[in-house]
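Enquirer: Got a structure here, written out as structure tokens. Questions coming.
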Number of protein chains: 2
Amino acid sequence: MPELRRDPASRSWVVIATERSRRPSDFRVSRDERKGGVCPFCYGNEHMTPPEVLALGRDADAPNDKGWSVRVVPNKFPALTLDAGDATGDGGGDGGTHGVDGPDGLYEHLPAVGVHEVLVESPDHDSTFGTHSQSQMEDVLEAMVARARALAGDHRLRYLQVFKNWGRIGGASLEHTHCQLIATPIVPAVVEEELAAAREHYDKTGKCLYCDIVRAEIDVAERVIEKSDHFLVFCPYAARLPFETWIVPRAHGARFEDIGGAELADLAGVLRRTVRRFELAFEVLPYNLIWHTSPWTGDFGAYYHWHLELVPRLAILAGFELGTGYYINPTAPESAAASLRECAPESVLETDDEARVTTLLVDERAARAAERGLEEGALEK
Amino acid sequence: MPELRRDPASRSWVVIATERSRRPSDFRVSRDERKGGVCPFCYGNEHMTPPEVLALGRDADAPNDKGWSVRVVPNKFPALTLDAGDATGDGGGDGGTHGVDGPDGLYEHLPAVGVHEVLVESPDHDSTFGTHSQSQMEDVLEAMVARARALAGDHRLRYLQVFKNWGRIGGASLEHTHCQLIATPIVPAVVEEELAAAREHYDKTGKCLYCDIVRAEIDVAERVIEKSDHFLVFCPYAARLPFETWIVPRAHGARFEDIGGAELADLAGVLRRTVRRFELAFEVLPYNLIWHTSPWTGDFGAYYHWHLELVPRLAILAGFELGTGYYINPTAPESAAASLRECAPESVLETDDEARVTTLLVDERAARAAERGLEEGALEK
């Protein structure tokens with residue numbers, strides 16, 4: 001059974017998820033071993049995943065069969081599970097039954113209660129946030145919202161971390177385009193710190209920190225990549241990594257899952273264009289896309305403001321970053337935003353240069369297929 | 001000029017170091033570009049680095065020439081510099097002259113005042129912490145201590161982060177074995193959090209947290225890798241990443257640079273054996289080795305305890321870790337410690353199996369040389 005342990009020195013929680021792998025030899029996974037493998041997220045392989053919890057785009061009376069546009073399944077090797085132990089606890093701040101070991105309660109632990117799901121974004125193995133159609137991208141966001149609303153009702157869960165790992169350096173262990181949802185029994189440290197900073201700003205000024213940031217960035221303009229009807233896309237003032245990009249709703253709202261229909265459609269377009277800009281600017285771009293939203297316990301409506309952070313993994317987090325928690329960013333966000341503004345995805349994607357896009361897409365797919373050792377002919381599936 | 005900026009949402013500081021690189025094309029560094037390059041850290045190329053600040057092993061009257069055993073030079077592309085601006089400030093908590101921009105002082109910034117040095121560990125391009133001789137390793141530690149003592153006297157500096165990045169995934173941009181020293185004008189967030197946790201434990205129990213951890217780990221035994229005269233080497237209870245290993249002095253001490261001679265010699269041996277264990281257990285092991293010590297401002301002697309954290313980079317820090325600050329570790333530290341105990345570096349390195357070591361070393365060097373595109377013959381330098 002996985003276990004949540006707290007480090008007494010850094011006070012951070014760690015999921016010890018021993019189901020996943022153990023010994024040194026388990027880390028010697030060469031790329032060859034994945035060659036010619038069958039993808040569990042492609043049509044026809046639905047039986048290779050645990051039974052789906054949601055599918056869009058096909059009749060509900062034929063579950064776990066092809067025909068879906070988006071599919072959500074439990075992670076086959078979950079970091080957290082609802083049957084990890086007693087998590088009804090005392091309703092206190094930690095969401096479960098504490099244990100302590102060692103002198104003076106040195107070592108705290110909790111059952112690793114939670115939910116770990118995978119959202120398969122498309123039947124198309126090689127599509128991306130940058131190449132999904134508008135309706136495909138809307139389906140992805142609708143499925144996320146539906147799962148967030150469903151999980152919010154479970155009193156054992158305190159927070160939902162939605163994220164997308166893209167590329168091997170970004171931490172994606174499966175190539176087929178997908179997102180992940182992890183619901184945790186504790187409010188994570190990074191989220192607590194953000195809530196505290198937002199609360200402090202609110203107490204001092206009477207205003208939402210993120211609403212102020214949106215206003216300041218529109219005013220300054222030099223870090224803005226795109227301003228849509230409902231969102232501001234910009235490189236933040238203190239970007240931690242080169243080309244870090246935030247997508248913040250222009251209207252105040254504390255929870256992602258309260259998003260309205262028009263806002264969701266606009267976000268789908270914003271995400272497609274933003275990721276497409278990165279695909280045009282970089283040959284290979286591993287990234288993490290991270291949802292930041294309110295915990296399910298407590299009322300943060302007045303001062304927290306949900307948003308997305310896109311973290312390209314062009315630089316390595318190394319000894320200095322791990323030791324200090326501070327970052328060295330070699331690219332000023334003003335210059336990153338200028339470069340990304342120059343890559344105009346709409347004109348390329350939708351109007352005058354269809355041929356160039358087609359070439360780019362075919363090149364990308366060929367490169368990715370070559371990486372996993374497929375013949376060129378296998379692309380025509 | 002580099003600038004320190006504070007993100008108002010996470011409250012973390014970022015060095016915007018625009019001297020280093022800027023645009024998307026700058027990140028397209030293929031491995032080919034480094035083929036056949038001249039190494040600035042090898043004998044005869046001393047003119048390729050800024051003038052040395054310290055060298056051991058050669059006469060002081062012939063600086064910046066070959067003959068040294070360890071050499072410390074300013075980083076050619078420093079993240080922080082002492083001439084970044086006025087840092088005399090008010091002597092307050094942040095070490096420099098604050099600036100604020102935006103409404104309500106939304107965006108804080110500081111001149112990026114500090115020191116960034118590189119410690120070249122050996123004239124041997126391909127040696128490692130696992131293959132350095134005992135006297136070589138002692139020279140490395142002596143040079144670190146000397147630099148820490150020298151920099152501690154500068155009132156503009158608050159903390160010294162010593163670290164080693166090894167392997168490309170570990171963030172090493174130059175291959176020749178080296179460590180780095182970065183002195184910062186602010187006490188980093190990770191250090192502040194550790195100090196707070198240690199202080200809280202001390203206030204509650206009257207004892208040092210790390211002394212208690214050392215006692216508990218010796219008592220439990222299952223996470224211990226090695227107990228030397230002066231150090232305990234173990235996988236911590238809540239290891240964040242697979243095979244994370246801590247090296248903690250058994251006697252209480254708040255500052256690395258106060259280390260005594262016998263302790264330093266013992267640490268040299270411990271480091272050689274520990275890294276050698278990893279080299280024997282894994283084919284390729286990128287890692288970060290991170291010094292944790294007391295800031296230069298304030299008195300932490302009663303409750304803080306310096307130590308080293310070795311963080312193997314076998315798993316990727318991805319969306320979940322970046323979003324939550326929590327980690328998912330697939331290898332229980334008890335099983336990691338058992339695997340590492342099995343790799344007995346002393347018997348291999350120093351007694352009955354010289355032939356095997358030689359083969360291992362030659363294989364490793366050949367693999368690394370092949371990686372950078374050298375001919376086999378070029379090894380015999």
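Residue numbering restarts at 1 for every chain of the structure tokens, chains are lettered A, B, ... in their displayed order, and ligands are numbered from 1 as they appear.
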Counting only C-alpha atoms, which residues of chain A come no farther than 6 Å from chain B, as a ChimeraX atom specification?

Expert: /A:5-7,9-10,13-18,20-22,163,165,170-171,188-190,194,197,238,240,288,316,318-319,324-332

Enquirer: For CA of Ala302 in chain B and CA of Asp258 in chain B, quote the distance in Å rounded to one decimal.

Expert: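 Between CA of Ala302 in chain B and CA of Asp258 in chain B the gap is 14.3 Å.
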
Enquirer: Give me the residues within 10 Å of Glu175 in chain A as a list in words, counting only C-alpha atoms and dropping any in the same chain fewer than 4 places off.

Expert: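 The residues that qualify are Cys39, Phe41, His125, Asp126, Asn165, Trp166, Gly167, Arg168, Arg368 and Arg372 of chain A.
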
Enquirer: Save out the residues we just selected, N, CA, C and O atoms, as a short mmCIF file (atom, residue, chain, number, x, y, z; two decimals), in the first residue's frame.

Expert:
data_model
loop_
_atom_site.label_atom_id
_atom_site.label_comp_id
_atom_site.auth_asym_id
_atom_site.auth_seq_id
_atom_site.Cartn_x
_atom_site.Cartn_y
_atom_site.Cartn_z
N CYS A 39 -0.12 0.70 -27.67
CA CYS A 39 -0.50 1.85 -26.85
C CYS A 39 -1.85 1.59 -26.18
O CYS A 39 -2.85 1.39 -26.85
N PHE A 41 -3.78 3.60 -24.89
CA PHE A 41 -4.72 4.72 -25.02
C PHE A 41 -5.28 4.83 -26.44
O PHE A 41 -6.07 5.74 -26.72
N HIS A 125 -3.15 9.32 -31.39
CA HIS A 125 -1.95 9.12 -30.58
C HIS A 125 -1.02 10.33 -30.62
O HIS A 125 -0.42 10.70 -29.61
N ASP A 126 -0.89 10.94 -31.79
CA ASP A 126 0.13 11.98 -32.01
C ASP A 126 -0.37 13.40 -31.95
O ASP A 126 0.39 14.32 -32.21
N ASN A 165 1.90 16.46 -18.36
CA ASN A 165 3.34 16.31 -18.60
C ASN A 165 3.52 16.01 -20.08
O ASN A 165 2.92 15.06 -20.59
N TRP A 166 4.34 16.77 -20.76
CA TRP A 166 4.55 16.54 -22.18
C TRP A 166 6.04 16.32 -22.47
O TRP A 166 6.88 17.13 -22.07
N GLY A 167 6.35 15.21 -23.16
CA GLY A 167 7.74 14.91 -23.51
C GLY A 167 8.42 14.16 -22.38
O GLY A 167 8.02 14.25 -21.22
N ARG A 168 9.48 13.44 -22.71
CA ARG A 168 10.13 12.63 -21.68
C ARG A 168 10.76 13.48 -20.59
O ARG A 168 10.68 13.16 -19.42
N ARG A 368 8.65 12.01 -34.12
CA ARG A 368 8.23 11.28 -32.94
C ARG A 368 8.12 9.79 -33.21
O ARG A 368 8.47 8.96 -32.38
N ARG A 372 10.26 6.46 -31.51
CA ARG A 372 9.82 5.21 -30.90
C ARG A 372 10.03 4.02 -31.84
O ARG A 372 9.51 2.92 -31.61
#

Enquirer: From range 142-223 of chain B, collect each residue whose DSSP state is helix (DSSP H, G or I) and return the set as a ChimeraX atom specification.

Expert: /B:142-152,189-205,209-220

Enquirer: Would you output that residue set with C-alpha atoms, as a short mmCIF file (atom, residue, chain, number, x, y, z; two decimals), in the first residue's frame?

Expert:
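Output (result20.cif):
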data_model
loop_
_atom_site.label_atom_id
_atom_site.label_comp_id
_atom_site.auth_asym_id
_atom_site.auth_seq_id
_atom_site.Cartn_x
_atom_site.Cartn_y
_atom_site.Cartn_z
CA GLU B 142 39.69 21.87 1.79
CA ALA B 143 39.22 24.25 -1.13
CA MET B 144 35.49 24.50 -0.36
CA VAL B 145 36.12 25.24 3.28
CA ALA B 146 38.72 27.88 2.39
CA ARG B 147 36.35 29.64 -0.01
CA ALA B 148 33.46 29.48 2.48
CA ARG B 149 35.63 31.04 5.19
CA ALA B 150 36.84 33.77 2.82
CA LEU B 151 33.36 34.68 1.53
CA ALA B 152 31.74 34.60 5.00
CA ALA B 189 13.35 29.93 1.13
CA VAL B 190 14.30 26.25 1.43
CA VAL B 191 16.93 27.15 4.04
CA GLU B 192 14.48 29.38 5.95
CA GLU B 193 11.97 26.54 6.04
CA GLU B 194 14.59 24.08 7.33
CA LEU B 195 15.69 26.56 9.98
CA ALA B 196 12.07 27.04 11.06
CA ALA B 197 11.45 23.28 11.31
CA ALA B 198 14.66 22.77 13.29
CA ARG B 199 13.84 25.70 15.57
CA GLU B 200 10.34 24.36 16.23
CA HIS B 201 11.72 20.93 17.15
CA TYR B 202 14.29 22.54 19.43
CA ASP B 203 11.71 24.72 21.16
CA LYS B 204 9.49 21.66 21.72
CA THR B 205 12.10 19.12 22.80
CA LEU B 209 16.30 17.74 15.11
CA TYR B 210 19.19 16.27 13.14
CA CYS B 211 20.86 14.78 16.22
CA ASP B 212 17.50 13.09 16.93
CA ILE B 213 17.26 11.87 13.32
CA VAL B 214 20.80 10.42 13.51
CA ARG B 215 19.95 8.60 16.76
CA ALA B 216 16.63 7.32 15.37
CA GLU B 217 18.22 6.06 12.14
CA ILE B 218 21.07 4.26 13.93
CA ASP B 219 18.41 2.69 16.17
CA VAL B 220 16.09 1.63 13.32
#

Enquirer: Could you tell me which of A:Met48, A:Val233, A:Ala60, A:Leu141 comes closest to Ala337 in chain A if we count only C-alpha atoms?

Expert: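 The shortest atom-to-atom distance to Ala337 in chain A comes from A:Val233.
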
Enquirer: Work out how far CA of Val113 in chain A is from CA of Trp306 in chain A, in Å to one decimal.

Expert: 24.5 Å

Enquirer: Could you name the residues that touch Ala84 in chain A at 6 Å or less, counting only C-alpha atoms, but leaving out those on the same chain fewer than 3 positions away, as an mmCIF file with N, CA, C and O atoms, in the first residue's frame?

Expert:
data_model
loop_
_atom_site.group_PDB
_atom_site.id
_atom_site.type_symbol
_atom_site.label_atom_id
_atom_site.label_comp_id
_atom_site.auth_asym_id
_atom_site.auth_seq_id
_atom_site.Cartn_x
_atom_site.Cartn_y
_atom_site.Cartn_z
ATOM 1 N N THR A 81 -4.744 6.028 -3.626
ATOM 2 C CA THR A 81 -5.980 5.292 -3.914
ATOM 3 C C THR A 81 -6.973 5.470 -2.772
ATOM 4 O O THR A 81 -6.579 5.678 -1.620
ATOM 5 N N PRO A 111 -2.146 7.293 5.641
ATOM 6 C CA PRO A 111 -2.442 6.442 4.493
ATOM 7 C C PRO A 111 -2.518 7.310 3.227
ATOM 8 O O PRO A 111 -2.994 8.449 3.292
ATOM 9 N N ALA A 112 -2.012 6.786 2.120
ATOM 10 C CA ALA A 112 -1.962 7.571 0.883
ATOM 11 C C ALA A 112 -3.318 7.520 0.193
ATOM 12 O O ALA A 112 -3.487 6.933 -0.873
ATOM 13 N N VAL A 113 -4.314 8.158 0.817
ATOM 14 C CA VAL A 113 -5.684 8.169 0.305
ATOM 15 C C VAL A 113 -5.807 9.235 -0.770
ATOM 16 O O VAL A 113 -5.342 10.359 -0.581
#

Enquirer: Can you measure CA of Lys207 in chain A to CA of Tyr303 in chain A for me? One decimal in Å is fine.

Expert: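 We find that CA of Lys207 in chain A and CA of Tyr303 in chain A lie 7.2 Å from each other.
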
Enquirer: Identify all residues of range 109-253 of chain B in strand (DSSP E) (DSSP on the backbone) and supply them as a PDB file with N, CA and C atoms, in the first residue's frame.

Expert:
ATOM      1  N   HIS B 109      12.028  43.883  -6.597  1.00  0.00           N
ATOM      2  CA  HIS B 109      13.284  43.445  -7.198  1.00  0.00           C
ATOM      3  C   HIS B 109      14.479  43.961  -6.412  1.00  0.00           C
ATOM      4  N   LEU B 110      15.614  43.316  -6.650  1.00  0.00           N
ATOM      5  CA  LEU B 110      16.874  43.585  -5.957  1.00  0.00           C
ATOM      6  C   LEU B 110      17.992  43.466  -6.975  1.00  0.00           C
ATOM      7  N   PRO B 111      19.092  44.202  -6.789  1.00  0.00           N
ATOM      8  CA  PRO B 111      20.250  43.881  -7.634  1.00  0.00           C
ATOM      9  C   PRO B 111      20.727  42.465  -7.325  1.00  0.00           C
ATOM     10  N   VAL B 115      28.089  35.967  -5.438  1.00  0.00           N
ATOM     11  CA  VAL B 115      29.324  35.392  -5.958  1.00  0.00           C
ATOM     12  C   VAL B 115      28.977  34.037  -6.565  1.00  0.00           C
ATOM     13  N   HIS B 116      29.570  33.741  -7.705  1.00  0.00           N
ATOM     14  CA  HIS B 116      29.308  32.472  -8.383  1.00  0.00           C
ATOM     15  C   HIS B 116      30.648  31.903  -8.846  1.00  0.00           C
ATOM     16  N   GLU B 117      31.104  30.849  -8.159  1.00  0.00           N
ATOM     17  CA  GLU B 117      32.419  30.278  -8.465  1.00  0.00           C
ATOM     18  C   GLU B 117      32.304  28.809  -8.875  1.00  0.00           C
ATOM     19  N   VAL B 118      33.315  28.354  -9.600  1.00  0.00           N
ATOM     20  CA  VAL B 118      33.384  26.960 -10.022  1.00  0.00           C
ATOM     21  C   VAL B 118      34.625  26.335  -9.388  1.00  0.00           C
ATOM     22  N   LEU B 119      34.449  25.163  -8.797  1.00  0.00           N
ATOM     23  CA  LEU B 119      35.573  24.451  -8.190  1.00  0.00           C
ATOM     24  C   LEU B 119      35.903  23.254  -9.082  1.00  0.00           C
ATOM     25  N   VAL B 120      37.022  23.342  -9.780  1.00  0.00           N
ATOM     26  CA  VAL B 120      37.446  22.234 -10.636  1.00  0.00           C
ATOM     27  C   VAL B 120      38.124  21.209  -9.735  1.00  0.00           C
ATOM     28  N   TYR B 159      24.280  33.796   2.529  1.00  0.00           N
ATOM     29  CA  TYR B 159      24.257  32.331   2.494  1.00  0.00           C
ATOM     30  C   TYR B 159      25.172  31.836   1.386  1.00  0.00           C
ATOM     31  N   LEU B 160      25.804  30.675   1.614  1.00  0.00           N
ATOM     32  CA  LEU B 160      26.597  30.049   0.551  1.00  0.00           C
ATOM     33  C   LEU B 160      25.975  28.706   0.197  1.00  0.00           C
ATOM     34  N   GLN B 161      25.538  28.583  -1.048  1.00  0.00           N
ATOM     35  CA  GLN B 161      25.037  27.304  -1.535  1.00  0.00           C
ATOM     36  C   GLN B 161      26.164  26.608  -2.289  1.00  0.00           C
ATOM     37  N   VAL B 162      26.654  25.496  -1.721  1.00  0.00           N
ATOM     38  CA  VAL B 162      27.642  24.665  -2.404  1.00  0.00           C
ATOM     39  C   VAL B 162      26.886  23.494  -3.010  1.00  0.00           C
ATOM     40  N   PHE B 163      27.191  23.150  -4.244  1.00  0.00           N
ATOM     41  CA  PHE B 163      26.492  22.021  -4.862  1.00  0.00           C
ATOM     42  C   PHE B 163      27.304  21.451  -6.013  1.00  0.00           C
ATOM     43  N   LYS B 164      26.977  20.209  -6.343  1.00  0.00           N
ATOM     44  CA  LYS B 164      27.591  19.554  -7.492  1.00  0.00           C
ATOM     45  C   LYS B 164      26.472  19.017  -8.362  1.00  0.00           C
ATOM     46  N   ASN B 165      26.448  19.417  -9.638  1.00  0.00           N
ATOM     47  CA  ASN B 165      25.541  18.833 -10.625  1.00  0.00           C
ATOM     48  C   ASN B 165      26.331  17.825 -11.435  1.00  0.00           C
ATOM     49  N   TRP B 166      25.833  16.610 -11.528  1.00  0.00           N
ATOM     50  CA  TRP B 166      26.552  15.588 -12.273  1.00  0.00           C
ATOM     51  C   TRP B 166      25.658  14.987 -13.350  1.00  0.00           C
ATOM     52  N   HIS B 178      33.345  18.959 -11.622  1.00  0.00           N
ATOM     53  CA  HIS B 178      33.428  20.236 -10.913  1.00  0.00           C
ATOM     54  C   HIS B 178      32.258  20.418  -9.957  1.00  0.00           C
ATOM     55  N   CYS B 179      32.435  21.310  -8.975  1.00  0.00           N
ATOM     56  CA  CYS B 179      31.367  21.743  -8.070  1.00  0.00           C
ATOM     57  C   CYS B 179      31.137  23.235  -8.296  1.00  0.00           C
ATOM     58  N   GLN B 180      30.070  23.771  -7.701  1.00  0.00           N
ATOM     59  CA  GLN B 180      29.803  25.199  -7.800  1.00  0.00           C
ATOM     60  C   GLN B 180      29.521  25.780  -6.419  1.00  0.00           C
ATOM     61  N   LEU B 181      29.834  27.070  -6.276  1.00  0.00           N
ATOM     62  CA  LEU B 181      29.549  27.805  -5.049  1.00  0.00           C
ATOM     63  C   LEU B 181      28.808  29.076  -5.444  1.00  0.00           C
ATOM     64  N   ILE B 182      27.609  29.275  -4.888  1.00  0.00           N
ATOM     65  CA  ILE B 182      26.863  30.504  -5.147  1.00  0.00           C
ATOM     66  C   ILE B 182      26.537  31.142  -3.805  1.00  0.00           C
ATOM     67  N   ALA B 183      27.061  32.360  -3.598  1.00  0.00           N
ATOM     68  CA  ALA B 183      26.749  33.108  -2.373  1.00  0.00           C
ATOM     69  C   ALA B 183      25.652  34.105  -2.703  1.00  0.00           C
ATOM     70  N   THR B 184      24.578  34.108  -1.883  1.00  0.00           N
ATOM     71  CA  THR B 184      23.392  34.913  -2.177  1.00  0.00           C
ATOM     72  C   THR B 184      23.204  36.037  -1.152  1.00  0.00           C
ATOM     73  N   VAL B 224      19.994   2.750   6.995  1.00  0.00           N
ATOM     74  CA  VAL B 224      21.403   3.153   7.051  1.00  0.00           C
ATOM     75  C   VAL B 224      22.200   2.481   5.930  1.00  0.00           C
ATOM     76  N   ILE B 225      23.050   3.258   5.274  1.00  0.00           N
ATOM     77  CA  ILE B 225      23.952   2.722   4.256  1.00  0.00           C
ATOM     78  C   ILE B 225      25.342   2.531   4.857  1.00  0.00           C
ATOM     79  N   GLU B 226      25.799   3.506   5.622  1.00  0.00           N
ATOM     80  CA  GLU B 226      27.123   3.404   6.235  1.00  0.00           C
ATOM     81  C   GLU B 226      27.186   4.292   7.478  1.00  0.00           C
ATOM     82  N   LYS B 227      27.854   3.787   8.499  1.00  0.00           N
ATOM     83  CA  LYS B 227      28.119   4.597   9.685  1.00  0.00           C
ATOM     84  C   LYS B 227      29.634   4.687   9.808  1.00  0.00           C
ATOM     85  N   PHE B 231      30.286  10.324  10.470  1.00  0.00           N
ATOM     86  CA  PHE B 231      29.101  10.597   9.648  1.00  0.00           C
ATOM     87  C   PHE B 231      28.145   9.407   9.602  1.00  0.00           C
ATOM     88  N   LEU B 232      26.857   9.721   9.445  1.00  0.00           N
ATOM     89  CA  LEU B 232      25.873   8.690   9.150  1.00  0.00           C
ATOM     90  C   LEU B 232      25.373   8.916   7.724  1.00  0.00           C
ATOM     91  N   VAL B 233      25.429   7.842   6.919  1.00  0.00           N
ATOM     92  CA  VAL B 233      24.938   7.895   5.544  1.00  0.00           C
ATOM     93  C   VAL B 233      23.668   7.060   5.501  1.00  0.00           C
ATOM     94  N   PHE B 234      22.547   7.647   5.110  1.00  0.00           N
ATOM     95  CA  PHE B 234      21.280   6.916   5.132  1.00  0.00           C
ATOM     96  C   PHE B 234      20.295   7.498   4.126  1.00  0.00           C
ATOM     97  N   THR B 245      19.842  10.187  -0.647  1.00  0.00           N
ATOM     98  CA  THR B 245      20.753   9.786   0.431  1.00  0.00           C
ATOM     99  C   THR B 245      21.272  11.018   1.161  1.00  0.00           C
ATOM    100  N   TRP B 246      21.244  10.968   2.483  1.00  0.00           N
ATOM    101  CA  TRP B 246      21.775  12.074   3.280  1.00  0.00           C
ATOM    102  C   TRP B 246      23.061  11.652   3.975  1.00  0.00           C
ATOM    103  N   ILE B 247      23.952  12.610   4.097  1.00  0.00           N
ATOM    104  CA  ILE B 247      25.208  12.406   4.834  1.00  0.00           C
ATOM    105  C   ILE B 247      25.220  13.439   5.957  1.00  0.00           C
ATOM    106  N   VAL B 248      25.044  12.972   7.209  1.00  0.00           N
ATOM    107  CA  VAL B 248      24.870  13.888   8.342  1.00  0.00           C
ATOM    108  C   VAL B 248      25.996  13.651   9.359  1.00  0.00           C
ATOM    109  N   PRO B 249      26.677  14.745   9.798  1.00  0.00           N
ATOM    110  CA  PRO B 249      27.701  14.583  10.840  1.00  0.00           C
ATOM    111  C   PRO B 249      27.055  14.006  12.101  1.00  0.00           C
TER     112      PRO B 249
END
